[in-house]
file run-v3.csv (CSV, C-alpha atoms)
chain,number,residue,atom,x,y,z
A,162,MET,CA,-8.5,10.8,1.0
A,163,GLU,CA,-8.9,11.1,-2.7
A,164,GLN,CA,-12.0,9.2,-3.9
A,165,ASN,CA,-12.8,10.8,-7.2
A,166,ASN,CA,-13.1,8.0,-9.6
A,167,GLU,CA,-12.8,10.3,-12.6
A,168,PHE,CA,-9.0,10.6,-12.2
A,169,ALA,CA,-6.4,8.1,-13.4
A,170,SER,CA,-3.1,8.2,-11.6
A,171,TYR,CA,0.2,7.6,-13.3
A,172,VAL,CA,3.8,7.0,-12.2
A,173,PHE,CA,6.5,7.7,-14.8
A,174,HIS,CA,10.1,6.4,-14.2
A,175,THR,CA,12.4,9.1,-15.5
A,176,GLN,CA,15.8,8.8,-17.2
A,177,GLY,CA,18.7,11.2,-17.0
A,178,VAL,CA,17.2,13.7,-14.5
A,179,CYS,CA,17.4,14.1,-10.7
A,180,PRO,CA,13.9,13.0,-9.6
A,181,PRO,CA,13.5,9.2,-10.3
A,182,GLU,CA,9.7,9.4,-10.7
A,183,ILE,CA,7.0,11.8,-11.9
A,184,HIS,CA,3.5,11.3,-10.5
A,185,PHE,CA,0.5,12.9,-12.2
A,186,ARG,CA,-3.2,12.5,-12.7
A,187,LEU,CA,-5.4,12.8,-15.8
A,188,SER,CA,-9.1,13.5,-15.8
A,189,GLY,CA,-11.6,13.4,-18.7
A,190,GLU,CA,-9.8,13.0,-22.0
A,191,ASP,CA,-6.4,14.4,-21.1
A,192,THR,CA,-6.6,17.2,-18.4
A,193,VAL,CA,-3.5,17.2,-16.3
A,194,HIS,CA,-3.6,17.4,-12.5
A,195,GLN,CA,-1.2,17.1,-9.5
A,196,VAL,CA,2.1,16.7,-11.2
A,197,ARG,CA,4.8,15.9,-8.8
A,198,PHE,CA,8.5,15.3,-9.4
A,199,VAL,CA,9.3,12.8,-6.7
A,200,GLY,CA,12.6,12.0,-5.0
A,201,GLY,CA,14.9,14.9,-6.1
A,202,GLY,CA,15.5,17.8,-8.4
A,203,CYS,CA,14.9,21.6,-7.9
A,204,PRO,CA,11.8,21.9,-5.7
A,205,GLY,CA,11.0,25.4,-6.8
A,206,ASN,CA,11.3,24.8,-10.6
A,207,ALA,CA,9.4,21.5,-10.2
A,208,LEU,CA,6.6,23.3,-8.3
A,209,LEU,CA,6.5,26.0,-11.0
A,210,VAL,CA,6.0,23.4,-13.8
A,211,SER,CA,3.4,21.6,-11.7
A,212,ARG,CA,1.4,24.8,-11.2
A,213,LEU,CA,1.7,25.9,-14.8
A,214,VAL,CA,0.4,22.7,-16.3
A,215,ASP,CA,-2.3,22.0,-13.7
A,216,GLY,CA,-5.8,21.9,-15.3
A,217,LYS,CA,-4.3,22.2,-18.9
A,218,PRO,CA,-4.9,19.6,-21.7
A,219,MET,CA,-2.0,17.2,-22.0
A,220,ASN,CA,-1.8,17.6,-25.7
A,221,ALA,CA,-1.4,21.3,-25.5
A,222,ILE,CA,1.4,21.1,-23.0
A,223,ILE,CA,3.6,18.5,-24.7
A,224,GLU,CA,4.9,21.0,-27.4
A,225,TYR,CA,6.0,23.5,-24.7
A,226,LEU,CA,7.8,21.0,-22.6
A,227,SER,CA,9.5,18.6,-25.0
A,228,GLY,CA,13.1,19.2,-26.1
A,229,ILE,CA,14.1,21.4,-23.1
A,230,GLU,CA,17.6,20.4,-22.0
A,231,CYS,CA,19.1,20.6,-18.5
A,232,ARG,CA,21.4,17.5,-18.3
A,233,ASN,CA,21.9,14.3,-20.3
A,234,ALA,CA,20.1,15.9,-23.2
A,235,THR,CA,16.8,16.0,-21.2
A,236,SER,CA,15.2,17.8,-18.3
A,237,CYS,CA,12.3,17.5,-15.9
A,238,PRO,CA,9.9,19.2,-18.2
A,239,ASP,CA,11.1,17.1,-21.1
A,240,GLN,CA,10.6,14.0,-19.1
A,241,LEU,CA,7.1,15.1,-18.3
A,242,ALA,CA,6.4,15.6,-22.0
A,243,ARG,CA,7.8,12.1,-22.6
A,244,ALA,CA,5.5,10.7,-19.9
A,245,PHE,CA,2.5,12.4,-21.6
A,246,ALA,CA,3.6,11.0,-24.9
A,247,ALA,CA,3.9,7.5,-23.4
A,248,VAL,CA,0.3,7.8,-22.1
A,249,LYS,CA,-0.9,8.9,-25.6
A,250,LYS,CA,0.9,6.0,-27.2
A,251,GLY,CA,-0.5,3.6,-24.7
A,252,ASP,CA,2.9,2.7,-23.3
A,253,LEU,CA,2.2,4.1,-19.8
A,254,GLN,CA,-0.8,2.6,-18.1
A,255,PRO,CA,-2.6,4.0,-14.9
A,256,ALA,CA,-0.8,3.0,-11.7
A,257,ALA,CA,-2.1,0.4,-9.4
A,258,THR,CA,-4.3,1.7,-6.6
A,259,PHE,CA,-1.7,0.8,-4.0
A,260,LYS,CA,1.9,0.0,-4.2
A,261,VAL,CA,3.2,-3.5,-3.4
A,262,ALA,CA,6.9,-4.0,-2.6
A,263,GLU,CA,8.6,-7.3,-2.2
A,264,ASP,CA,11.6,-8.3,-0.1
A,265,THR,CA,12.8,-11.1,-2.3
A,266,VAL,CA,15.3,-12.5,0.2
A,267,SER,CA,14.1,-15.3,2.3
A,268,ARG,CA,14.6,-14.3,5.9
A,269,ALA,CA,15.1,-16.4,9.0
A,270,ARG,CA,14.5,-13.8,11.7
A,271,ILE,CA,12.4,-10.6,11.2
A,272,CYS,CA,11.8,-7.7,13.5
A,273,PHE,CA,8.5,-5.8,13.2
A,274,ILE,CA,8.2,-2.2,14.4
A,275,GLY,CA,4.7,-0.7,14.9
A,276,ASN,CA,3.5,2.9,15.2
A,277,LEU,CA,6.4,5.2,15.9
A,278,ASP,CA,4.2,8.3,15.9
A,279,GLY,CA,7.1,10.5,15.0
A,280,ASN,CA,8.9,9.7,18.2
A,281,LEU,CA,12.7,9.9,17.5
A,282,GLU,CA,13.7,8.8,21.0
A,283,VAL,CA,11.7,5.7,20.7
A,284,LEU,CA,13.1,4.9,17.3
A,285,THR,CA,16.6,5.5,18.5
A,286,ALA,CA,16.0,3.2,21.5
A,287,LEU,CA,14.4,0.6,19.4
A,288,LEU,CA,17.2,0.5,16.9
A,289,HIS,CA,19.6,0.1,19.8
A,290,ALA,CA,17.6,-2.8,21.3
A,291,VAL,CA,17.1,-4.5,17.9
A,292,LYS,CA,20.9,-4.5,17.3
A,293,TYR,CA,21.1,-7.4,19.9
A,294,GLU,CA,18.3,-9.4,18.3
A,295,HIS,CA,20.4,-10.6,15.4
A,296,VAL,CA,17.6,-10.1,12.9
A,297,HIS,CA,18.0,-10.3,9.2
A,298,ALA,CA,15.4,-7.6,8.4
A,299,VAL,CA,13.6,-4.9,10.2
A,300,TYR,CA,10.2,-3.9,8.8
A,301,GLY,CA,8.4,-0.7,9.9
A,302,VAL,CA,4.7,-1.5,9.6
A,303,GLY,CA,3.0,1.3,11.5
A,304,ASN,CA,2.8,5.1,11.1
A,305,LEU,CA,6.3,6.6,11.0
A,306,THR,CA,4.7,10.0,11.6
A,307,GLY,CA,2.4,11.3,14.3
A,308,LEU,CA,1.5,14.4,16.4
A,309,SER,CA,5.2,15.2,16.8
A,310,GLU,CA,7.7,17.8,15.9
A,311,GLN,CA,10.2,15.1,15.1
A,312,ASN,CA,8.5,13.6,12.1
A,313,ASP,CA,11.3,14.8,9.8
A,314,ASN,CA,14.0,13.3,11.9
A,315,VAL,CA,12.1,10.0,12.2
A,316,VAL,CA,11.6,9.7,8.4
A,317,SER,CA,15.2,10.6,7.8
A,318,MET,CA,16.5,8.0,10.2
A,319,ILE,CA,14.2,5.3,8.8
A,320,ASN,CA,15.6,6.2,5.3
A,321,LYS,CA,19.2,6.4,6.5
A,322,HIS,CA,19.0,2.9,8.2
A,323,LYS,CA,17.3,1.5,5.0
A,324,ILE,CA,14.5,0.1,7.1
A,325,GLN,CA,11.8,-1.3,4.8
A,326,ALA,CA,8.7,0.5,5.8
A,327,ILE,CA,5.1,0.7,4.6
A,328,ALA,CA,3.0,3.8,4.6
A,329,GLY,CA,0.6,4.2,7.5
A,330,GLN,CA,-2.4,6.3,7.2
A,331,LEU,CA,-0.8,9.5,8.5
A,332,ASP,CA,2.3,8.9,6.4
A,333,TRP,CA,0.0,8.6,3.4
A,334,GLN,CA,-1.7,11.9,4.3
A,335,TYR,CA,1.7,13.6,4.6
A,336,ALA,CA,2.7,12.1,1.2
A,337,GLN,CA,-0.4,13.5,-0.4
A,338,ARG,CA,0.1,16.9,1.4
A,339,LYS,CA,-3.3,16.4,3.0
A,340,GLU,CA,-2.3,16.0,6.7
A,341,ALA,CA,-4.8,17.3,9.2
A,342,ALA,CA,-4.1,20.7,10.8
A,343,PRO,CA,-2.5,19.7,14.1
A,344,LEU,CA,0.2,17.7,12.4
A,345,ALA,CA,3.5,19.5,12.2
A,346,PRO,CA,4.9,20.5,8.8
A,347,LEU,CA,7.2,18.0,7.0
A,348,SER,CA,9.9,18.8,4.5
A,349,LEU,CA,9.2,18.2,0.8
A,350,LYS,CA,12.1,15.7,0.7
A,351,ASN,CA,10.6,13.5,3.4
A,352,ARG,CA,7.1,13.8,1.9
A,353,ASP,CA,8.6,12.3,-1.2
A,354,VAL,CA,10.2,9.5,0.9
A,355,LEU,CA,6.7,8.8,2.3
A,356,LEU,CA,5.1,8.9,-1.2
A,357,ARG,CA,7.5,6.2,-2.4
A,358,LEU,CA,6.7,3.9,0.4
A,359,PRO,CA,4.6,0.9,-0.5
A,360,GLN,CA,1.2,0.1,1.1
A,361,VAL,CA,1.9,-3.6,1.1
A,362,LEU,CA,5.2,-5.3,1.8
A,363,VAL,CA,5.5,-8.9,0.7
A,364,PHE,CA,8.2,-11.0,2.4
A,365,GLN,CA,9.4,-14.5,2.8
A,366,ILE,CA,10.4,-16.3,6.0
A,367,GLY,CA,11.6,-19.8,5.6
A,368,ASP,CA,9.4,-21.3,3.0
A,369,GLN,CA,6.4,-19.1,4.0
A,370,LYS,CA,5.2,-16.0,2.2
A,371,GLY,CA,3.8,-13.1,4.2
A,372,MET,CA,2.3,-9.7,3.6
A,373,ALA,CA,2.3,-6.6,5.8
A,374,PHE,CA,-0.1,-3.6,5.6
A,375,TYR,CA,-1.3,-0.8,7.8
A,376,GLY,CA,-5.1,-0.9,7.6
A,377,ARG,CA,-8.3,0.3,6.2
A,378,TYR,CA,-7.2,3.5,4.5
A,379,ILE,CA,-5.9,1.4,1.6
A,380,GLN,CA,-9.4,0.3,0.8
A,381,ASP,CA,-10.4,3.9,0.5
A,382,LEU,CA,-7.8,4.7,-2.2
A,383,GLN,CA,-9.1,5.6,-5.6
A,384,GLY,CA,-9.8,2.6,-7.7
A,385,TYR,CA,-9.3,0.0,-5.0
A,386,SER,CA,-10.6,-3.4,-6.2
A,387,ASP,CA,-11.7,-6.3,-4.0
A,388,PHE,CA,-10.0,-8.5,-6.5
A,389,ALA,CA,-6.6,-6.8,-6.6
A,390,PRO,CA,-3.7,-8.9,-5.3
A,391,PHE,CA,-3.8,-9.1,-1.4
A,392,ALA,CA,-7.2,-7.3,-1.3
A,393,LEU,CA,-8.8,-10.6,0.0
A,394,GLU,CA,-6.4,-10.7,2.9
A,395,MET,CA,-7.0,-7.0,3.7
A,396,ASN,CA,-10.8,-7.4,3.4
A,397,MET,CA,-10.8,-10.3,5.7
A,398,VAL,CA,-8.7,-8.6,8.4
A,399,CYS,CA,-10.3,-5.1,8.2
A,400,ASP,CA,-14.0,-5.9,7.5
A,401,LEU,CA,-14.8,-9.5,8.3
A,402,THR,CA,-12.8,-9.9,11.6
A,403,ARG,CA,-12.5,-6.1,12.5
A,404,PHE,CA,-8.7,-6.5,12.9
A,405,MET,CA,-9.1,-10.0,14.4
A,406,LYS,CA,-11.2,-8.6,17.3
A,407,ASP,CA,-14.4,-10.5,16.4
A,408,GLU,CA,-13.5,-14.1,17.0
A,409,SER,CA,-17.1,-15.2,16.3
A,410,VAL,CA,-16.4,-15.0,12.6
A,411,PHE,CA,-13.2,-17.0,12.7
A,412,PRO,CA,-15.0,-20.1,11.2
A,413,ALA,CA,-15.9,-18.0,8.2
A,414,LEU,CA,-12.3,-16.7,8.0
A,415,GLU,CA,-11.1,-20.3,8.1
A,416,ALA,CA,-13.3,-21.1,5.1
A,417,MET,CA,-11.7,-18.2,3.2
A,418,THR,CA,-8.0,-18.7,4.0
A,419,PRO,CA,-7.5,-21.4,1.3
A,420,GLN,CA,-7.9,-18.6,-1.2
A,421,PHE,CA,-5.2,-16.5,0.4
A,422,THR,CA,-1.9,-16.0,-1.5
A,423,VAL,CA,0.2,-15.8,1.8
A,424,ARG,CA,0.4,-17.7,5.0
A,425,LEU,CA,1.3,-14.7,7.2
A,426,VAL,CA,-0.7,-11.5,7.4
A,427,VAL,CA,0.7,-8.6,9.4
A,428,PHE,CA,-1.3,-5.4,10.2
A,429,SER,CA,-0.9,-2.5,12.5
A,430,GLU,CA,-3.9,0.0,12.3
A,431,ARG,CA,-5.2,-0.9,15.8
A,432,GLY,CA,-1.9,-0.5,17.5
A,433,GLU,CA,-2.5,-3.7,19.5
A,434,TRP,CA,-0.2,-6.7,19.8
A,435,LYS,CA,-2.2,-9.8,18.6
A,436,HIS,CA,-1.4,-13.3,17.4
A,437,HIS,CA,-3.9,-15.7,15.9
A,438,ASP,CA,-3.5,-18.8,13.9
A,439,VAL,CA,-6.6,-19.4,11.8
A,440,GLY,CA,-7.1,-21.7,8.8
A,441,GLY,CA,-3.3,-22.3,8.5
A,442,VAL,CA,-2.6,-18.6,8.4
A,443,MET,CA,-0.7,-16.7,11.0
A,444,PHE,CA,-2.2,-13.2,11.7
A,445,LEU,CA,-0.1,-10.8,13.6
A,446,GLY,CA,-1.3,-7.4,14.9
A,447,ILE,CA,1.6,-5.1,15.5
A,448,GLY,CA,1.2,-2.8,18.5
A,449,SER,CA,2.7,0.6,19.1
A,450,ALA,CA,6.4,1.0,19.4
A,451,TYR,CA,6.0,2.8,22.7
A,452,GLU,CA,3.3,2.1,25.3
A,453,ASN,CA,3.0,2.5,29.1
A,454,GLY,CA,6.7,3.0,29.8
A,455,PHE,CA,7.9,0.2,27.4
A,456,ILE,CA,9.3,0.1,23.9
A,457,ASN,CA,7.9,-2.9,22.1
A,458,TRP,CA,8.8,-4.9,18.9
A,459,GLY,CA,7.9,-8.2,17.5
A,460,ILE,CA,10.3,-11.0,16.5
A,461,LEU,CA,9.3,-13.6,14.0
A,462,GLU,CA,11.6,-16.5,13.6
A,463,ASN,CA,11.8,-19.6,11.4
A,464,THR,CA,12.8,-22.5,13.7
A,465,ALA,CA,13.0,-26.2,13.3
A,466,ASP,CA,9.6,-26.4,14.9
A,467,GLY,CA,8.1,-23.9,12.5
A,468,LEU,CA,7.5,-20.2,12.8
A,469,LYS,CA,7.8,-18.7,16.3
A,470,TYR,CA,6.5,-15.2,17.2
A,471,GLN,CA,7.3,-13.2,20.3
A,472,VAL,CA,6.6,-9.7,21.4
A,473,ARG,CA,9.6,-8.2,23.1
A,474,LYS,CA,9.6,-5.2,25.4
A,475,THR,CA,12.0,-3.2,27.5
A,476,PRO,CA,11.4,-0.3,29.9
A,477,PHE,CA,11.9,3.1,28.5
A,478,SER,CA,11.6,6.6,30.0
A,479,PRO,CA,11.2,9.4,27.5
A,480,GLU,CA,13.1,12.5,28.4
B,287,MET,CA,-24.7,-23.7,-0.5
B,288,ALA,CA,-25.9,-21.5,-3.4
B,289,GLU,CA,-26.1,-24.7,-5.5
B,290,SER,CA,-28.5,-26.3,-3.0
B,291,VAL,CA,-30.8,-23.3,-3.6
B,292,LYS,CA,-30.3,-23.2,-7.3
B,293,VAL,CA,-31.3,-26.8,-7.8
B,294,LEU,CA,-34.6,-26.4,-6.1
B,295,PRO,CA,-37.6,-27.4,-8.3
B,296,ASN,CA,-38.9,-24.8,-10.7
B,297,GLU,CA,-42.2,-24.4,-8.8
B,298,ILE,CA,-40.2,-23.4,-5.7
B,299,GLN,CA,-37.8,-21.2,-7.6
B,300,GLU,CA,-40.8,-19.2,-8.8
B,301,LEU,CA,-41.7,-18.4,-5.2
B,302,ILE,CA,-38.3,-17.0,-4.3
B,303,GLU,CA,-35.7,-14.5,-5.4
B,304,ILE,CA,-32.2,-15.7,-4.9
B,305,ARG,CA,-29.3,-13.4,-4.1
B,306,GLU,CA,-25.8,-14.7,-3.8
B,307,TRP,CA,-23.1,-12.7,-2.0
B,308,ASP,CA,-19.4,-13.0,-2.7
B,309,MET,CA,-17.5,-13.1,0.5
B,310,ARG,CA,-14.3,-11.9,-1.2
B,311,THR,CA,-15.9,-8.5,-1.6
B,312,ARG,CA,-16.6,-5.8,1.1
B,313,LYS,CA,-20.3,-5.8,0.1
B,314,GLY,CA,-20.5,-9.5,0.7
B,315,VAL,CA,-18.7,-9.2,4.0
B,316,ASP,CA,-21.0,-6.3,5.1
B,317,ARG,CA,-24.1,-8.5,4.3
B,318,PHE,CA,-22.6,-11.4,6.2
B,319,ARG,CA,-22.1,-9.2,9.2
B,320,GLU,CA,-25.5,-7.7,8.9
B,321,LEU,CA,-27.0,-11.2,9.1
B,322,LYS,CA,-24.8,-11.9,12.2
B,323,ALA,CA,-23.5,-15.0,10.4
B,324,ARG,CA,-20.4,-16.7,11.7
B,325,SER,CA,-19.5,-19.4,9.3
B,326,LEU,CA,-19.7,-20.3,5.6
B,327,PRO,CA,-21.7,-21.3,3.8
B,328,SER,CA,-24.7,-19.5,5.2
B,329,VAL,CA,-28.3,-19.2,4.0
B,330,ALA,CA,-30.8,-16.5,5.0
B,331,LEU,CA,-34.5,-16.5,4.3
B,332,ASP,CA,-36.3,-13.2,4.3
B,333,GLY,CA,-33.3,-11.5,5.7
B,334,THR,CA,-33.0,-13.9,8.6
B,335,LEU,CA,-30.1,-16.3,9.0
B,336,MET,CA,-31.4,-19.8,8.8
B,337,TYR,CA,-28.6,-22.2,8.0
B,338,GLU,CA,-24.9,-22.0,8.8
B,339,SER,CA,-22.2,-24.4,7.7
B,340,LEU,CA,-24.8,-27.3,7.4
B,341,ILE,CA,-26.3,-27.5,4.0
B,342,PRO,CA,-30.0,-28.2,4.6
B,343,GLY,CA,-31.7,-31.1,2.9
B,344,GLN,CA,-33.8,-30.2,-0.1
B,345,GLU,CA,-37.0,-31.3,1.6
B,346,GLU,CA,-36.3,-29.2,4.7
B,347,LEU,CA,-35.5,-26.1,2.6
B,348,ILE,CA,-38.6,-26.6,0.4
B,349,ALA,CA,-40.8,-27.0,3.5
B,350,GLU,CA,-39.4,-23.8,5.1
B,351,ILE,CA,-39.9,-21.8,1.9
B,352,GLU,CA,-43.5,-23.0,1.5
B,353,ARG,CA,-44.3,-22.3,5.1
B,354,ARG,CA,-43.0,-18.7,4.7
B,355,PHE,CA,-44.8,-18.3,1.4
B,356,LYS,CA,-48.1,-19.5,2.9
B,357,ALA,CA,-47.7,-17.2,5.9
B,358,LYS,CA,-47.3,-14.2,3.5
B,359,ASN,CA,-50.1,-15.3,1.2
B,360,PRO,CA,-52.8,-16.8,3.4

call {"tool": "encode", "arguments": {"input": "run-v3.csv", "output": "structure tokens"}}
result
Amino acid sequence: MEQNNEFASYVFHTQGVCPPEIHFRLSGEDTVHQVRFVGGGCPGNALLVSRLVDGKPMNAIIEYLSGIECRNATSCPDQLARAFAAVKKGDLQPAATFKVAEDTVSRARICFIGNLDGNLEVLTALLHAVKYEHVHAVYGVGNLTGLSEQNDNVVSMINKHKIQAIAGQLDWQYAQRKEAAPLAPLSLKNRDVLLRLPQVLVFQIGDQKGMAFYGRYIQDLQGYSDFAPFALEMNMVCDLTRFMKDESVFPALEAMTPQFTVRLVVFSERGEWKHHDVGGVMFLGIGSAYENGFINWGILENTADGLKYQVRKTPFSPE
Amino acid sequence: MAESVKVLPNEIQELIEIREWDMRTRKGVDRFRELKARSLPSVALDGTLMYESLIPGQEELIAEIERRFKAKNP
């Protein structure tokens, strides 16, 4: 996990080129690091540009990159030059430590899927089972990837079905190209898919606002602040209550919940199904998608009697 | 709770060093757990959790601080 506080990370939204985003870091005055053209484009050329500019001063690079045309009177290198120019002008600020996405549609019935661990069979079976649940949204809140050869297929299927997912810890490592050795390789395309996943998903069910996150790795991201939006909720779950396992501190949690910005907090790092109501906030621990011969998912529903949460399971035999 | 400590008379304030921990921060939470506290607000004296939830009366707090001061400075 990157913890070097001397770097500032940037995300530039491109115009007129294939990759929708360029990610890069600057250290010191203007030294360029880790340029990535994310979400499309020519992987080889993009990698070449990234390697050529790595460790070089931003000012010296701009003149070589600007004005190169590929399509729409611009190109990936030209967009990178424009990103650097935006930084110099103060128009592009360092990116937030973690990405927050919001599902702006108020839902009545939501399905939560936990750690898939790269299991395509489980994902396929889950999607089949969820079809009969009549849900309005499916949120993937655990690791999509795992110690599996099927990670590429799982990420592609999540993407194809437009399931709103957040990045689990392994997903984030893949996105950063820093996965541990036993993990199978992943295509560049799917690494980019993982890189663009948010760390926090904000959603609405009935008149209640909720947030979903994976776990502790977010607190280790460079520049994490205890005062960032949703950091309080994450600190209380991860550190104070140890993922709601330590009930002795629930009175303290109850004293802190009035400062929360949401009434529902969903997390998945422990891979355990949990449900607690403390201080007017519903805390949901999302378990693994497959466990002990069953596939599992959570259903959260807005009913006339308030929010109702159920863990559903069905027998499943992997081939 | 911090207010009940901050409003102690000056002669008592001179005997003690006050540290306040922000429970919104991970450092504050770490300290809270080190003290094995369970609820808020909490007050520890000399690193020992003394009061939880209940705000002690000023007389009780002063007596406890003086007792500890005398024990350390016989």

call {"tool": "closest_residue", "arguments": {"input": "run-v3.csv", "among": "A:Ala450, A:Thr265, A:Phe421, A:Ser409", "to": "Arg319 in chain B", "atoms": "all atoms listed in the file"}}
result
A:Ser409

call {"tool": "closest_residue", "arguments": {"input": "run-v3.csv", "among": "B:Leu294, B:Leu347, B:Ala323, B:Ile304", "to": "chain A", "atoms": "only C-alpha atoms"}}
result
B:Ala323

call {"tool": "residues_around", "arguments": {"input": "run-v3.csv", "residues": "Arg310 in chain B", "least_positions_apart": "3", "cutoff": "12 Å", "atoms": "all atoms listed in the file", "output": "PyMOL selection string"}}
result
(chain A and resi 386-398+400-401+413-414+416-421) or (chain B and resi 307+313-318)

call {"tool": "interface_residues", "arguments": {"input": "run-v3.csv", "of": "chain B", "to": "chain A", "cutoff": "7 Å", "atoms": "all atoms listed in the file", "output": "list in words"}}
result
Arg310, Thr311, Arg312, Val315, Arg324, Ser325 and Leu326 of chain B

call {"tool": "closest_residue", "arguments": {"input": "run-v3.csv", "among": "A:His437, A:Lys339, A:Lys350, A:Arg431", "to": "Arg377 in chain A", "atoms": "only C-alpha atoms"}}
result
A:Arg431

call {"tool": "residues_around", "arguments": {"input": "run-v3.csv", "residues": "Ala465 in chain A", "least_positions_apart": "5", "cutoff": "12 Å", "atoms": "only C-alpha atoms", "output": "PDB file with C-alpha atoms, in the coordinates of the input"}}
result
ATOM      1  CA  ALA A 269      15.100 -16.400   9.000  1.00  0.00           C
ATOM      2  CA  GLY A 367      11.600 -19.800   5.600  1.00  0.00           C
ATOM      3  CA  ASP A 368       9.400 -21.300   3.000  1.00  0.00           C
TER       4      ASP A 368
END

call {"tool": "residues_near_point", "arguments": {"input": "run-v3.csv", "point": "(5.7, 1.2, 2.1)", "cutoff": "10 Å", "atoms": "all atoms listed in the file", "output": "mmCIF file with C-alpha atoms, in the frame of the given file"}}
result
data_model
loop_
_atom_site.group_PDB
_atom_site.id
_atom_site.type_symbol
_atom_site.label_atom_id
_atom_site.label_comp_id
_atom_site.auth_asym_id
_atom_site.auth_seq_id
_atom_site.Cartn_x
_atom_site.Cartn_y
_atom_site.Cartn_z
ATOM 1 C CA PHE A 259 -1.700 0.800 -4.000
ATOM 2 C CA LYS A 260 1.900 0.000 -4.200
ATOM 3 C CA VAL A 261 3.200 -3.500 -3.400
ATOM 4 C CA ALA A 262 6.900 -4.000 -2.600
ATOM 5 C CA GLU A 263 8.600 -7.300 -2.200
ATOM 6 C CA TYR A 300 10.200 -3.900 8.800
ATOM 7 C CA GLY A 301 8.400 -0.700 9.900
ATOM 8 C CA VAL A 302 4.700 -1.500 9.600
ATOM 9 C CA GLY A 303 3.000 1.300 11.500
ATOM 10 C CA GLN A 325 11.800 -1.300 4.800
ATOM 11 C CA ALA A 326 8.700 0.500 5.800
ATOM 12 C CA ILE A 327 5.100 0.700 4.600
ATOM 13 C CA ALA A 328 3.000 3.800 4.600
ATOM 14 C CA GLY A 329 0.600 4.200 7.500
ATOM 15 C CA ASP A 332 2.300 8.900 6.400
ATOM 16 C CA TRP A 333 0.000 8.600 3.400
ATOM 17 C CA VAL A 354 10.200 9.500 0.900
ATOM 18 C CA LEU A 355 6.700 8.800 2.300
ATOM 19 C CA LEU A 356 5.100 8.900 -1.200
ATOM 20 C CA ARG A 357 7.500 6.200 -2.400
ATOM 21 C CA LEU A 358 6.700 3.900 0.400
ATOM 22 C CA PRO A 359 4.600 0.900 -0.500
ATOM 23 C CA GLN A 360 1.200 0.100 1.100
ATOM 24 C CA VAL A 361 1.900 -3.600 1.100
ATOM 25 C CA LEU A 362 5.200 -5.300 1.800
ATOM 26 C CA ALA A 373 2.300 -6.600 5.800
ATOM 27 C CA PHE A 374 -0.100 -3.600 5.600
ATOM 28 C CA TYR A 375 -1.300 -0.800 7.800
#

call {"tool": "atom_distance", "arguments": {"input": "run-v3.csv", "atom1": "CA of Asn233 in chain A", "atom2": "CA of Phe198 in chain A"}}
result
17.3 Å

call {"tool": "residues_around", "arguments": {"input": "run-v3.csv", "residues": "Leu321 in chain B", "least_positions_apart": "6", "cutoff": "8 Å", "atoms": "only C-alpha atoms", "output": "MDAnalysis selection string"}}
result
chainID B and resid 330 333:335

call {"tool": "build_atoms", "arguments": {"input": "run-v3.csv", "residues": "range 396-406 of chain A", "atoms": "N, CA and C atoms", "output": "PDB file, in the coordinates of the input"}}
result
ATOM      1  N   ASN A 396      -9.364  -7.406   3.123  1.00  0.00           N
ATOM      2  CA  ASN A 396     -10.800  -7.400   3.400  1.00  0.00           C
ATOM      3  C   ASN A 396     -11.171  -8.261   4.578  1.00  0.00           C
ATOM      4  N   MET A 397     -10.521  -9.414   4.635  1.00  0.00           N
ATOM      5  CA  MET A 397     -10.800 -10.300   5.700  1.00  0.00           C
ATOM      6  C   MET A 397     -10.390  -9.790   7.075  1.00  0.00           C
ATOM      7  N   VAL A 398      -9.226  -9.168   7.092  1.00  0.00           N
ATOM      8  CA  VAL A 398      -8.700  -8.600   8.400  1.00  0.00           C
ATOM      9  C   VAL A 398      -9.546  -7.366   8.758  1.00  0.00           C
ATOM     10  N   CYS A 399      -9.687  -6.429   7.820  1.00  0.00           N
ATOM     11  CA  CYS A 399     -10.300  -5.100   8.200  1.00  0.00           C
ATOM     12  C   CYS A 399     -11.825  -5.292   8.378  1.00  0.00           C
ATOM     13  N   ASP A 400     -12.497  -5.959   7.459  1.00  0.00           N
ATOM     14  CA  ASP A 400     -14.000  -5.900   7.500  1.00  0.00           C
ATOM     15  C   ASP A 400     -14.575  -7.167   8.141  1.00  0.00           C
ATOM     16  N   LEU A 401     -14.120  -8.362   7.750  1.00  0.00           N
ATOM     17  CA  LEU A 401     -14.800  -9.500   8.300  1.00  0.00           C
ATOM     18  C   LEU A 401     -14.457  -9.659   9.822  1.00  0.00           C
ATOM     19  N   THR A 402     -13.200  -9.582  10.188  1.00  0.00           N
ATOM     20  CA  THR A 402     -12.800  -9.900  11.600  1.00  0.00           C
ATOM     21  C   THR A 402     -12.616  -8.601  12.418  1.00  0.00           C
ATOM     22  N   ARG A 403     -12.753  -7.419  11.768  1.00  0.00           N
ATOM     23  CA  ARG A 403     -12.500  -6.100  12.500  1.00  0.00           C
ATOM     24  C   ARG A 403     -11.132  -6.221  13.177  1.00  0.00           C
ATOM     25  N   PHE A 404     -10.125  -6.462  12.372  1.00  0.00           N
ATOM     26  CA  PHE A 404      -8.700  -6.500  12.900  1.00  0.00           C
ATOM     27  C   PHE A 404      -8.587  -7.653  13.920  1.00  0.00           C
ATOM     28  N   MET A 405      -9.216  -8.790  13.611  1.00  0.00           N
ATOM     29  CA  MET A 405      -9.100 -10.000  14.400  1.00  0.00           C
ATOM     30  C   MET A 405      -9.706  -9.850  15.819  1.00  0.00           C
ATOM     31  N   LYS A 406     -10.544  -8.841  16.011  1.00  0.00           N
ATOM     32  CA  LYS A 406     -11.200  -8.600  17.300  1.00  0.00           C
ATOM     33  C   LYS A 406     -12.432  -9.502  17.453  1.00  0.00           C
TER      34      LYS A 406
END
